[in-house]
Amino acid sequence: MAENTPYDDAFKTVVHDCKSLLIPLVNEVFHEQFSADATVSFSSNEHFLNQPDGIQQKRVSDALFTIQEAFFKNYHWECQSDSDASILIRIFEYASQAALDDAVLERGSLTVSFPHSAILYLKYPKSLPDKLRINIQTPGGSIGYEVAVMKLGNYSLDTIFEKKLLLLLPFYIFHYDGQLDALNQNPDQLSALKQEFLSIKSRLEQLRASGDITEFIKITLIDMTQKVVRNFAKKYSNIKEGVKSVMGGRILDTEARRILNQGIAVGEARGEVKGQAKGEIKGRILEYIEIRREDGHSDETILNSVIERFHLTKEEACEYLYSSAAI
């Protein structure tokens, strides 16, 4: 089983907290035409597989979701930071479990519908094909389906903004894979890198000002961009500090809490009078937990998400989780 990475965490955070950003990604890779108003809903991304020794092993996919407008389609997306050959095995495991979740058993016939699968590759060899394929040999014949491949390196900064593929922004530093030594040592190259990340921040602010994205989405993208840079360039202090200097420090703590207080009043038990600051914060967290539960996430996944999103201790997050269950 592949280990979870900071890049998986960043991808999952943006996907689940800024789900509207999935729509342009799906339109790009699968040549769909969903509008920005299409509804995105998540399915459970946790499944348990029975192993030969009788032990159940948990599998957690990056994103299983449905987009619905005039019609609906199911999608499965994974973020891959290397060329791990086992990814196709995991894709099939995740997709088949998702298909079983929605299986239809009628009159001795079982019908399963597999989601449209795609992989976002952050790093990859030149030999990586544009599409992968899963073939299945059955007693009734051979069937198969393609797994879409999205290569980060194919998208320049201008293209990302032109096509509104903002979900790719946190991983932009991967464009400089193999160049970190030079960037860290050369002031001119480091300055050019800083200007590029300053451009990211400025363009996100322009989108926020025009109403194309919310303040919360802007801040989440900036925060996850910095998280990825800190891990990708962890041995290169000049790069880490340079990007931080133009994009700001870890601002999500104060900014997200400020957003929570801007008229998003749910109330301590969704029944308190709106406008009480403490009730607004608690109500927003409770609402967040409820939404994640409705999307099929386990309490363990929600707990970890609440800790990271609202910067709470485990004890504080547990109190909200239990409080939500009691309402």
# chains A, B, ... in the order shown; residues from 1 in each chain; ligands from 1
call {"tool": "residues_around", "arguments": {"residues": "segment 137-148 of chain A", "least_positions_apart": "5", "cutoff": "6 Å", "atoms": "only C-alpha atoms", "output": "PyMOL selection string"}}
result
chain A and resi 117-118+131-132
call {"tool": "closest_atom_pairs", "arguments": {"of": "segment 211-252 of chain A", "to": "segment 8-16 of chain A", "cutoff": "8 Å", "atoms": "only C-alpha atoms", "output": "tab-separated table"}}
result
residue	atom	partner	partner_atom	distance
A:Thr220	CA	A:Val14	CA	6.9
A:Leu221	CA	A:Val14	CA	7.1
A:Met224	CA	A:Ala10	CA	5.7
A:Lys227	CA	A:Ala10	CA	7.4
A:Val228	CA	A:Ala10	CA	7.1
call {"tool": "write_last_selection", "arguments": {"atoms": "N, CA, C and O atoms", "output": "PDB file, in the first residue's frame"}}
result
ATOM      1  N   THR A 220      -7.041  29.089   0.877  1.00  0.00           N
ATOM      2  CA  THR A 220      -6.726  27.662   0.895  1.00  0.00           C
ATOM      3  C   THR A 220      -5.676  27.328  -0.158  1.00  0.00           C
ATOM      4  O   THR A 220      -4.724  26.579   0.112  1.00  0.00           O
ATOM      5  N   LEU A 221      -5.805  27.883  -1.356  1.00  0.00           N
ATOM      6  CA  LEU A 221      -4.830  27.641  -2.417  1.00  0.00           C
ATOM      7  C   LEU A 221      -3.451  28.169  -2.033  1.00  0.00           C
ATOM      8  O   LEU A 221      -2.428  27.504  -2.263  1.00  0.00           O
ATOM      9  N   MET A 224      -2.010  25.863   0.808  1.00  0.00           N
ATOM     10  CA  MET A 224      -1.565  24.566   0.322  1.00  0.00           C
ATOM     11  C   MET A 224      -0.355  24.700  -0.606  1.00  0.00           C
ATOM     12  O   MET A 224       0.502  23.812  -0.656  1.00  0.00           O
ATOM     13  N   LYS A 227       2.488  24.838   1.695  1.00  0.00           N
ATOM     14  CA  LYS A 227       2.727  23.514   2.291  1.00  0.00           C
ATOM     15  C   LYS A 227       3.510  22.631   1.334  1.00  0.00           C
ATOM     16  O   LYS A 227       4.460  21.939   1.737  1.00  0.00           O
ATOM     17  N   VAL A 228       3.122  22.646   0.069  1.00  0.00           N
ATOM     18  CA  VAL A 228       3.818  21.834  -0.928  1.00  0.00           C
ATOM     19  C   VAL A 228       5.248  22.324  -1.110  1.00  0.00           C
ATOM     20  O   VAL A 228       6.193  21.524  -1.165  1.00  0.00           O
TER      21      VAL A 228
END
call {"tool": "closest_residue", "arguments": {"among": "A:Glu290, A:Asn238, A:Asp212, A:Arg309", "to": "Tyr322 of chain A", "atoms": "only C-alpha atoms"}}
result
A:Glu290
call {"tool": "residues_around", "arguments": {"residues": "Ile307 of chain A", "least_positions_apart": "5", "cutoff": "9 Å", "atoms": "only C-alpha atoms", "output": "ChimeraX atom specification"}}
result
/A:302,312-314,316-317
call {"tool": "closest_residue", "arguments": {"among": "A:Met150, A:Cys79, A:Leu100, A:Cys18", "to": "Pro129 of chain A", "atoms": "only C-alpha atoms"}}
result
A:Met150
call {"tool": "atom_distance", "arguments": {"atom1": "atom CA of Phe34 of chain A", "atom2": "atom CA of Leu168 of chain A"}}
result
18.6 Å
call {"tool": "closest_residue", "arguments": {"among": "A:Val246, A:Ala182, A:Leu105, A:Val40", "to": "Gln68 of chain A", "atoms": "only C-alpha atoms"}}
result
A:Val40
call {"tool": "residues_around", "arguments": {"residues": "Ser83 of chain A", "least_positions_apart": "2", "cutoff": "9 Å", "atoms": "only C-alpha atoms", "output": "list of chain:residue names"}}
result
A:Gln80, A:Ser81, A:Ala85, A:Ser86, A:Ile87, A:Tyr121, A:Lys123, A:Tyr124, A:Pro125, A:Leu128
call {"tool": "write_last_selection", "arguments": {"atoms": "N, CA and C atoms", "output": "mmCIF file, in the first residue's frame"}}
result
data_model
loop_
_atom_site.group_PDB
_atom_site.id
_atom_site.type_symbol
_atom_site.label_atom_id
_atom_site.label_comp_id
_atom_site.auth_asym_id
_atom_site.auth_seq_id
_atom_site.Cartn_x
_atom_site.Cartn_y
_atom_site.Cartn_z
ATOM 1 N N GLN A 80 -0.629 11.691 -7.994
ATOM 2 C CA GLN A 80 0.550 10.833 -7.935
ATOM 3 C C GLN A 80 1.812 11.678 -8.062
ATOM 4 N N SER A 81 2.696 11.589 -7.068
ATOM 5 C CA SER A 81 3.915 12.398 -7.076
ATOM 6 C C SER A 81 5.121 11.627 -7.590
ATOM 7 N N ALA A 85 4.430 2.058 -10.200
ATOM 8 C CA ALA A 85 3.758 1.161 -11.147
ATOM 9 C C ALA A 85 2.499 0.540 -10.572
ATOM 10 N N SER A 86 2.369 0.541 -9.250
ATOM 11 C CA SER A 86 1.202 -0.099 -8.633
ATOM 12 C C SER A 86 -0.041 0.783 -8.656
ATOM 13 N N ILE A 87 0.058 1.981 -9.187
ATOM 14 C CA ILE A 87 -1.077 2.906 -9.158
ATOM 15 C C ILE A 87 -2.285 2.310 -9.886
ATOM 16 N N TYR A 121 -0.508 13.440 -12.449
ATOM 17 C CA TYR A 121 0.902 13.141 -12.212
ATOM 18 C C TYR A 121 1.670 14.438 -11.991
ATOM 19 N N LYS A 123 5.066 14.293 -10.967
ATOM 20 C CA LYS A 123 6.359 13.908 -11.530
ATOM 21 C C LYS A 123 6.145 12.628 -12.320
ATOM 22 N N TYR A 124 6.860 12.502 -13.430
ATOM 23 C CA TYR A 124 6.644 11.328 -14.277
ATOM 24 C C TYR A 124 7.767 11.228 -15.300
ATOM 25 N N PRO A 125 8.035 10.022 -15.794
ATOM 26 C CA PRO A 125 9.042 9.858 -16.848
ATOM 27 C C PRO A 125 8.488 10.307 -18.195
ATOM 28 N N LEU A 128 5.846 8.131 -19.969
ATOM 29 C CA LEU A 128 4.481 7.945 -19.474
ATOM 30 C C LEU A 128 3.477 8.226 -20.586
#
call {"tool": "select_by_dssp", "arguments": {"residues": "segment 82-231 of chain A", "states": "helix (DSSP H, G or I)", "output": "number ranges by chain"}}
result
A: 87-101, 152-154, 157-162, 166-176, 180-185, 187-210, 215-231
call {"tool": "atom_distance", "arguments": {"atom1": "atom CA of Tyr75 of chain A", "atom2": "atom CA of Ser210 of chain A"}}
result
29.6 Å
call {"tool": "select_by_dssp", "arguments": {"residues": "segment 130-210 of chain A", "states": "strand (DSSP E or B)", "output": "ChimeraX atom specification"}}
result
/A:131-138,141-151
call {"tool": "write_last_selection", "arguments": {"atoms": "C-alpha atoms", "output": "short mmCIF file (atom, residue, chain, number, x, y, z; two decimals), in the first residue's frame"}}
result
data_model
loop_
_atom_site.label_atom_id
_atom_site.label_comp_id
_atom_site.auth_asym_id
_atom_site.auth_seq_id
_atom_site.Cartn_x
_atom_site.Cartn_y
_atom_site.Cartn_z
CA LYS A 131 -3.71 7.28 -21.22
CA LEU A 132 -3.46 4.12 -19.16
CA ARG A 133 -5.68 1.09 -19.51
CA ILE A 134 -7.21 -1.57 -17.30
CA ASN A 135 -8.14 -4.84 -19.03
CA ILE A 136 -10.35 -7.45 -17.41
CA GLN A 137 -10.62 -11.03 -18.59
CA THR A 138 -14.00 -12.55 -17.72
CA GLY A 141 -15.11 -12.19 -22.71
CA SER A 142 -12.63 -9.36 -22.38
CA ILE A 143 -13.54 -5.83 -21.35
CA GLY A 144 -11.47 -2.82 -20.48
CA TYR A 145 -11.47 0.89 -19.90
CA GLU A 146 -9.04 3.79 -20.08
CA VAL A 147 -7.68 5.76 -17.15
CA ALA A 148 -7.08 9.39 -18.06
CA VAL A 149 -3.66 10.90 -17.39
CA MET A 150 -3.15 14.57 -16.52
CA LYS A 151 0.48 15.68 -16.59
#
call {"tool": "closest_residue", "arguments": {"among": "A:Lys282, A:Arg230, A:Arg208, A:His116", "to": "Phe171 of chain A", "atoms": "only C-alpha atoms"}}
result
A:Arg230
call {"tool": "closest_residue", "arguments": {"among": "A:Ala103, A:Leu25, A:Ile222, A:Leu64", "to": "Phe197 of chain A", "atoms": "only C-alpha atoms"}}
result
A:Ile222
call {"tool": "closest_residue", "arguments": {"among": "A:Ile200, A:Ala99, A:Ile119, A:Val112", "to": "Asp82 of chain A", "atoms": "only C-alpha atoms"}}
result
A:Ile119
call {"tool": "atom_distance", "arguments": {"atom1": "atom CA of Gly178 of chain A", "atom2": "atom CA of Phe232 of chain A"}}
result
11.1 Å
